[in-house]
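A.B. asks: Contents of my_file_34.json (JSON, C-alpha atoms):
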[["chain", "number", "residue", "atom", "x", "y", "z"],
["A", 1, "MET", "CA", 13.98, 25.10, -5.38],
["A", 2, "THR", "CA", 13.26, 21.80, -7.02],
["A", 3, "GLU", "CA", 11.64, 18.80, -5.44],
["A", 4, "HIS", "CA", 15.14, 17.34, -4.94],
["A", 5, "ASP", "CA", 16.41, 20.24, -2.84],
["A", 6, "THR", "CA", 16.50, 19.72, 0.89],
["A", 7, "ASP", "CA", 17.16, 23.28, 2.11],
["A", 8, "PRO", "CA", 14.49, 23.89, 4.81],
["A", 9, "ARG", "CA", 14.78, 27.70, 4.68],
["A", 10, "PRO", "CA", 11.97, 29.74, 3.12],
["A", 11, "ASP", "CA", 12.45, 30.60, -0.54],
["A", 12, "ASP", "CA", 11.85, 34.37, -0.66],
["A", 13, "ALA", "CA", 11.83, 34.60, -4.47],
["A", 14, "GLY", "CA", 9.52, 31.59, -4.70],
["A", 15, "ALA", "CA", 7.22, 33.01, -2.01],
["A", 16, "ALA", "CA", 7.08, 36.31, -3.91],
["A", 17, "LYS", "CA", 6.10, 34.43, -7.08],
["A", 18, "VAL", "CA", 3.41, 32.46, -5.21],
["A", 19, "THR", "CA", 2.04, 35.70, -3.74],
["A", 20, "GLU", "CA", 1.92, 37.32, -7.18],
["A", 21, "LEU", "CA", 0.02, 34.36, -8.66],
["A", 22, "VAL", "CA", -2.42, 34.01, -5.74],
["A", 23, "ARG", "CA", -3.25, 37.72, -5.67],
["A", 24, "GLY", "CA", -4.42, 37.45, -9.27],
["A", 25, "VAL", "CA", -7.14, 34.88, -8.44],
["A", 26, "ARG", "CA", -10.21, 35.65, -6.30],
["A", 27, "ILE", "CA", -11.68, 32.15, -5.87],
["A", 28, "ALA", "CA", -9.77, 29.20, -4.42],
["A", 29, "MET", "CA", -10.63, 25.59, -3.73],
["A", 30, "LEU", "CA", -10.11, 24.74, -0.05],
["A", 31, "THR", "CA", -9.65, 20.98, 0.37],
["A", 32, "THR", "CA", -10.35, 19.48, 3.77],
["A", 33, "VAL", "CA", -10.31, 15.91, 5.09],
["A", 34, "ALA", "CA", -13.75, 14.52, 5.96],
["A", 35, "PRO", "CA", -14.14, 12.23, 9.00],
["A", 36, "ASP", "CA", -14.19, 9.16, 6.74],
["A", 37, "GLY", "CA", -10.88, 10.23, 5.13],
["A", 38, "ARG", "CA", -12.34, 11.53, 1.85],
["A", 39, "LEU", "CA", -10.91, 14.76, 0.50],
["A", 40, "MET", "CA", -13.59, 17.43, 0.05],
["A", 41, "SER", "CA", -13.03, 20.67, -1.91],
["A", 42, "HIS", "CA", -14.98, 23.85, -1.24],
["A", 43, "PRO", "CA", -14.96, 27.02, -3.38],
["A", 44, "MET", "CA", -13.89, 29.99, -1.25],
["A", 45, "ALA", "CA", -13.30, 33.70, -1.88],
["A", 46, "THR", "CA", -9.83, 34.70, -0.70],
["A", 47, "GLN", "CA", -10.05, 37.62, 1.72],
["A", 48, "ASP", "CA", -6.38, 38.26, 2.32],
["A", 49, "VAL", "CA", -3.00, 37.06, 1.16],
["A", 50, "ASP", "CA", -0.18, 38.58, 3.17],
["A", 51, "PHE", "CA", 2.35, 35.97, 2.23],
["A", 52, "ASP", "CA", 4.14, 35.26, 5.13],
["A", 53, "GLY", "CA", 2.15, 32.33, 3.73],
["A", 54, "THR", "CA", -1.26, 33.05, 5.27],
["A", 55, "VAL", "CA", -4.57, 33.15, 3.39],
["A", 56, "ARG", "CA", -7.95, 33.91, 4.93],
["A", 57, "PHE", "CA", -11.54, 33.09, 4.07],
["A", 58, "VAL", "CA", -14.88, 34.05, 5.64],
["A", 59, "SER", "CA", -17.32, 31.20, 6.27],
["A", 60, "GLU", "CA", -20.11, 29.93, 8.51],
["A", 61, "ARG", "CA", -19.32, 28.02, 11.68],
["A", 62, "ALA", "CA", -22.03, 25.43, 10.95],
["A", 63, "SER", "CA", -20.46, 24.34, 7.62],
["A", 64, "HIS", "CA", -18.97, 20.93, 6.87],
["A", 65, "LYS", "CA", -15.57, 22.47, 6.10],
["A", 66, "VAL", "CA", -15.35, 23.99, 9.59],
["A", 67, "ALA", "CA", -16.20, 20.63, 11.20],
["A", 68, "HIS", "CA", -13.53, 18.98, 9.01],
["A", 69, "ILE", "CA", -10.91, 21.59, 10.00],
["A", 70, "GLU", "CA", -11.71, 21.23, 13.69],
["A", 71, "ALA", "CA", -11.21, 17.44, 13.40],
["A", 72, "ASN", "CA", -8.16, 17.60, 11.10],
["A", 73, "PRO", "CA", -6.59, 21.00, 10.39],
["A", 74, "GLN", "CA", -4.42, 19.79, 7.46],
["A", 75, "VAL", "CA", -5.71, 21.46, 4.27],
["A", 76, "ASN", "CA", -4.80, 22.33, 0.72],
["A", 77, "VAL", "CA", -5.75, 25.54, -1.08],
["A", 78, "ALA", "CA", -5.66, 25.52, -4.88],
["A", 79, "TYR", "CA", -5.77, 28.51, -7.23],
["A", 80, "SER", "CA", -6.15, 28.43, -11.00],
["A", 81, "SER", "CA", -6.20, 31.12, -13.65],
["A", 82, "SER", "CA", -5.68, 31.15, -17.40],
["A", 83, "GLY", "CA", -2.06, 30.10, -17.39],
["A", 84, "SER", "CA", -1.08, 29.68, -13.77],
["A", 85, "TRP", "CA", -1.85, 27.29, -10.96],
["A", 86, "VAL", "CA", -0.89, 27.32, -7.28],
["A", 87, "SER", "CA", -1.26, 24.62, -4.64],
["A", 88, "LEU", "CA", -0.73, 25.58, -0.98],
["A", 89, "SER", "CA", -0.39, 22.96, 1.76],
["A", 90, "GLY", "CA", -0.86, 23.99, 5.35],
["A", 91, "THR", "CA", -2.77, 24.08, 8.59],
["A", 92, "ALA", "CA", -6.12, 25.83, 9.07],
["A", 93, "ARG", "CA", -7.69, 27.28, 12.16],
["A", 94, "ILE", "CA", -11.07, 28.83, 12.93],
["A", 95, "ILE", "CA", -11.07, 32.38, 14.28],
["A", 96, "SER", "CA", -14.11, 33.96, 15.95],
["A", 97, "ASP", "CA", -13.30, 37.66, 15.93],
["A", 98, "PRO", "CA", -15.91, 40.27, 14.90],
["A", 99, "ALA", "CA", -13.17, 42.90, 14.36],
["A", 100, "LEU", "CA", -11.29, 40.61, 11.96],
["A", 101, "LEU", "CA", -14.56, 39.71, 10.20],
["A", 102, "ALA", "CA", -15.37, 43.42, 9.84],
["A", 103, "LYS", "CA", -11.96, 43.96, 8.23],
["A", 104, "TYR", "CA", -12.76, 41.40, 5.51],
["A", 105, "TRP", "CA", -16.52, 41.90, 5.22],
["A", 106, "ASP", "CA", -17.58, 43.34, 1.87],
["A", 107, "THR", "CA", -20.56, 43.28, -0.52],
["A", 108, "PHE", "CA", -19.38, 39.93, -1.93],
["A", 109, "THR", "CA", -19.33, 38.37, 1.56],
["A", 110, "ASP", "CA", -22.64, 40.03, 2.42],
["A", 111, "ALA", "CA", -24.29, 38.34, -0.57],
["A", 112, "TRP", "CA", -23.34, 34.86, 0.75],
["A", 113, "LEU", "CA", -23.50, 35.15, 4.53],
["A", 114, "GLU", "CA", -26.16, 36.52, 6.85],
["A", 115, "GLY", "CA", -25.92, 38.86, 9.82],
["A", 116, "GLY", "CA", -22.65, 40.62, 9.12],
["A", 117, "PRO", "CA", -19.46, 40.41, 11.17],
["A", 118, "GLU", "CA", -21.40, 40.49, 14.46],
["A", 119, "ASN", "CA", -23.18, 37.20, 13.68],
["A", 120, "PRO", "CA", -21.49, 34.57, 15.90],
["A", 121, "ASP", "CA", -22.02, 31.97, 13.15],
["A", 122, "ASN", "CA", -19.65, 33.88, 10.83],
["A", 123, "ILE", "CA", -15.98, 33.03, 11.27],
["A", 124, "VAL", "CA", -12.61, 33.44, 9.55],
["A", 125, "ILE", "CA", -10.73, 30.41, 8.30],
["A", 126, "GLU", "CA", -7.03, 31.18, 8.44],
["A", 127, "VAL", "CA", -4.61, 28.90, 6.60],
["A", 128, "ASP", "CA", -0.91, 29.04, 7.40],
["A", 129, "SER", "CA", 0.82, 27.56, 4.37],
["A", 130, "THR", "CA", 3.92, 25.48, 4.94],
["A", 131, "SER", "CA", 4.69, 24.79, 1.29],
["A", 132, "ALA", "CA", 3.47, 25.67, -2.17],
["A", 133, "GLU", "CA", 3.90, 24.49, -5.70],
["A", 134, "TYR", "CA", 3.18, 26.64, -8.69],
["A", 135, "TRP", "CA", 3.04, 26.27, -12.43],
["A", 136, "ASP", "CA", 3.08, 29.37, -14.58],
["A", 137, "SER", "CA", 2.80, 29.81, -18.33],
["A", 138, "PRO", "CA", 3.51, 33.51, -18.80],
["A", 139, "GLY", "CA", 1.95, 35.28, -21.76],
["A", 140, "GLY", "CA", -1.64, 34.12, -21.58],
["A", 141, "LYS", "CA", -3.62, 31.79, -23.81],
["A", 142, "VAL", "CA", -2.08, 32.86, -27.15],
["A", 143, "VAL", "CA", 1.45, 32.08, -25.95],
["A", 144, "GLN", "CA", 0.25, 28.79, -24.43],
["A", 145, "VAL", "CA", -1.24, 27.73, -27.77],
["A", 146, "LEU", "CA", 1.94, 28.71, -29.61],
["A", 147, "ASN", "CA", 4.04, 26.72, -27.14],
["A", 148, "LEU", "CA", 1.74, 23.72, -27.57],
["A", 149, "VAL", "CA", 2.12, 23.92, -31.37],
["A", 150, "LYS", "CA", 5.89, 24.31, -31.03],
["A", 151, "ALA", "CA", 6.11, 21.29, -28.70],
["A", 152, "LYS", "CA", 4.03, 19.21, -31.10],
["A", 153, "ALA", "CA", 6.14, 20.25, -34.11],
["A", 154, "THR", "CA", 9.52, 19.71, -32.44],
["A", 155, "GLY", "CA", 8.60, 16.69, -30.32],
["A", 156, "LYS", "CA", 10.09, 18.45, -27.30],
["A", 157, "ARG", "CA", 7.98, 18.93, -24.20],
["A", 158, "TYR", "CA", 7.12, 22.51, -23.28],
["A", 159, "GLU", "CA", 8.65, 23.50, -19.96],
["A", 160, "GLY", "CA", 6.66, 26.15, -18.11],
["A", 161, "ASP", "CA", 7.75, 27.79, -14.88],
["A", 162, "ASN", "CA", 7.32, 25.23, -12.06],
["A", 163, "GLU", "CA", 8.71, 25.33, -8.55],
["A", 164, "ARG", "CA", 8.12, 23.83, -5.12],
["A", 165, "VAL", "CA", 8.47, 26.50, -2.42],
["A", 166, "ASP", "CA", 9.03, 25.97, 1.30],
["A", 167, "LEU", "CA", 7.27, 28.73, 3.24],
["A", 168, "LEU", "CA", 8.41, 27.95, 6.78]]
What is this file in structure tokens?
C.D. replies:
Amino acid sequence: MTEHDTDPRPDDAGAAKVTELVRGVRIAMLTTVAPDGRLMSHPMATQDVDFDGTVRFVSERASHKVAHIEANPQVNVAYSSSGSWVSLSGTARIISDPALLAKYWDTFTDAWLEGGPENPDNIVIEVDSTSAEYWDSPGGKVVQVLNLVKAKATGKRYEGDNERVDLL
């Protein structure tokens, strides 16, 4: 789909592409809205991407991001790797569930948070994405450099793979 399309149905091929790109990146930037309206971005380790459009993170209840989400659940989650970028827009919610925390708890999480899944201060942030946009430059850095040189030599802009995807 392009930004000019108005079809409200989910784009299965686009969602599959978004899933593929997101699964290749461990750390995301979760952007929340602070009480004064400022956008605040927080680095987060993605725990799960099941792309029906949902991503999950483990965090502490007492954090600023949780307070922001409880006041305004509209968020953005951004992923970046060497040649691809994904931006997810959606709604976040806070889940207090020791069984769900145990499912996602690992040595990485244990290094950042105290008390394990049973600690009531540890929660899951679940983001249901409603739309995504991705940019992909297949082939890695060498191909990107070659495309940049080609664009400079020909005067024609390089067109990577870019799509807006409705996930609802």
A.B. asks: Calculated over only C-alpha atoms, which of the candidates A:Leu167, A:Val86, A:Val22, A:Ala78 has the smallest distance to Val49 (chain A)?
C.D. replies: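 Looking at the shortest contact to Val49 (chain A), the residue is A:Val22.
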A.B. asks: Using all atoms listed in the file, what does the table of region 65-105 of chain A residues within 12 Å of region 38-44 of chain A look like, with each row giving the shortest atom pair and its distance in Å to one decimal, sorted by chain and ascending number, as a Markdown table?
C.D. replies:
| residue | atom | partner | partner_atom | distance |
| --- | --- | --- | --- | --- |
| A:Lys65 | CA | A:His42 | CA | 7.5 |
| A:Val66 | CA | A:His42 | CA | 10.8 |
| A:Ala67 | CA | A:Met40 | CA | 11.9 |
| A:His68 | CA | A:Met40 | CA | 9.1 |
| A:Ile69 | CA | A:Met40 | CA | 11.1 |
| A:Asn72 | CA | A:Leu39 | CA | 11.3 |
| A:Gln74 | CA | A:Leu39 | CA | 10.8 |
| A:Val75 | CA | A:Leu39 | CA | 9.3 |
| A:Asn76 | CA | A:Ser41 | CA | 8.8 |
| A:Val77 | CA | A:Ser41 | CA | 8.8 |
| A:Ala78 | CA | A:Ser41 | CA | 9.3 |
| A:Tyr79 | CA | A:Pro43 | CA | 10.1 |
| A:Ser80 | CA | A:Pro43 | CA | 11.7 |
A.B. asks: One number please: CA of Gly53 (chain A) to CA of Ala16 (chain A), in Å, one decimal.
C.D. replies: 9.9 Å
A.B. asks: Go through region 16-75 of chain A and flag each residue having an atom no more than 8 Å from region 109-115 of chain A; for those, report the closest pair of atoms plus their distance in Å to one decimal, using all atoms listed in the file, ordered by chain and rising number, as a tab-separated table.
C.D. replies:
residue	atom	partner	partner_atom	distance
A:Val58	CA	A:Thr109	CA	7.4
A:Ser59	CA	A:Leu113	CA	7.5
A:Glu60	CA	A:Leu113	CA	7.4
A.B. asks: Could you tell me how far CA of Met29 (chain A) sits from CA of Tyr134 (chain A), in Å to one decimal place?
C.D. replies: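 Computed distance, CA of Tyr134 (chain A) to CA of Met29 (chain A), equals 14.7 Å.
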A.B. asks: Excluding region 94-98 of chain A and its own-chain neighbours fewer than 2 positions away, which residues fall within 10 Å of it when counting all atoms listed in the file? Please give them as a list in words.
C.D. replies: Arg56, Phe57, Val58, Ser59, Arg61, Val66, Ala67, Ile69, Glu70, Pro73, Ala92, Leu100, Leu101, Ala102, Lys103, Tyr104, Trp105, Gly116, Pro117, Glu118, Asn119, Pro120, Asp121, Asn122, Ile123, Val124, Ile125, Glu126 and Val127 of chain A
A.B. asks: Measure the distance from CA of Pro35 (chain A) to CA of His64 (chain A) in Å and round it to one decimal.
C.D. replies: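 Result for CA of Pro35 (chain A) versus CA of His64 (chain A): 10.2 Å, one decimal.
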A.B. asks: Which residue gives the smallest distance to Ala28 (chain A) among A:Ala71, A:Phe108, A:Ser81, A:Gly14, with all atoms listed in the file counted?
C.D. replies: A:Ser81
A.B. asks: Could you check which of A:Ser129, A:Asn162, A:Ser137, A:Ser84 is closest to Thr54 (chain A), using only C-alpha atoms?
C.D. replies: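 Residue with the minimum atom-to-atom distance to Thr54 (chain A): A:Ser129.
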A.B. asks: Which one of A:Gly37, A:Val55, A:Trp85, A:Thr46 sits closest to Asp136 (chain A) if you count only C-alpha atoms?
C.D. replies: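 Using only C-alpha atoms, the shortest distance to Asp136 (chain A) belongs to A:Trp85.
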A.B. asks: Could you list, as an MDAnalysis selection string, every residue within 10 Å of Asp12 (chain A), counting all atoms listed in the file and ignoring same-chain residues fewer than 2 positions away?
C.D. replies: chainID A and resid 9:10 14:18 52 165:167
A.B. asks: Of the residues A:Thr32, A:Ser82, A:Ser87, A:Ser63, which is the one nearest to Thr19 (chain A), using all atoms listed in the file?
C.D. replies: A:Ser87
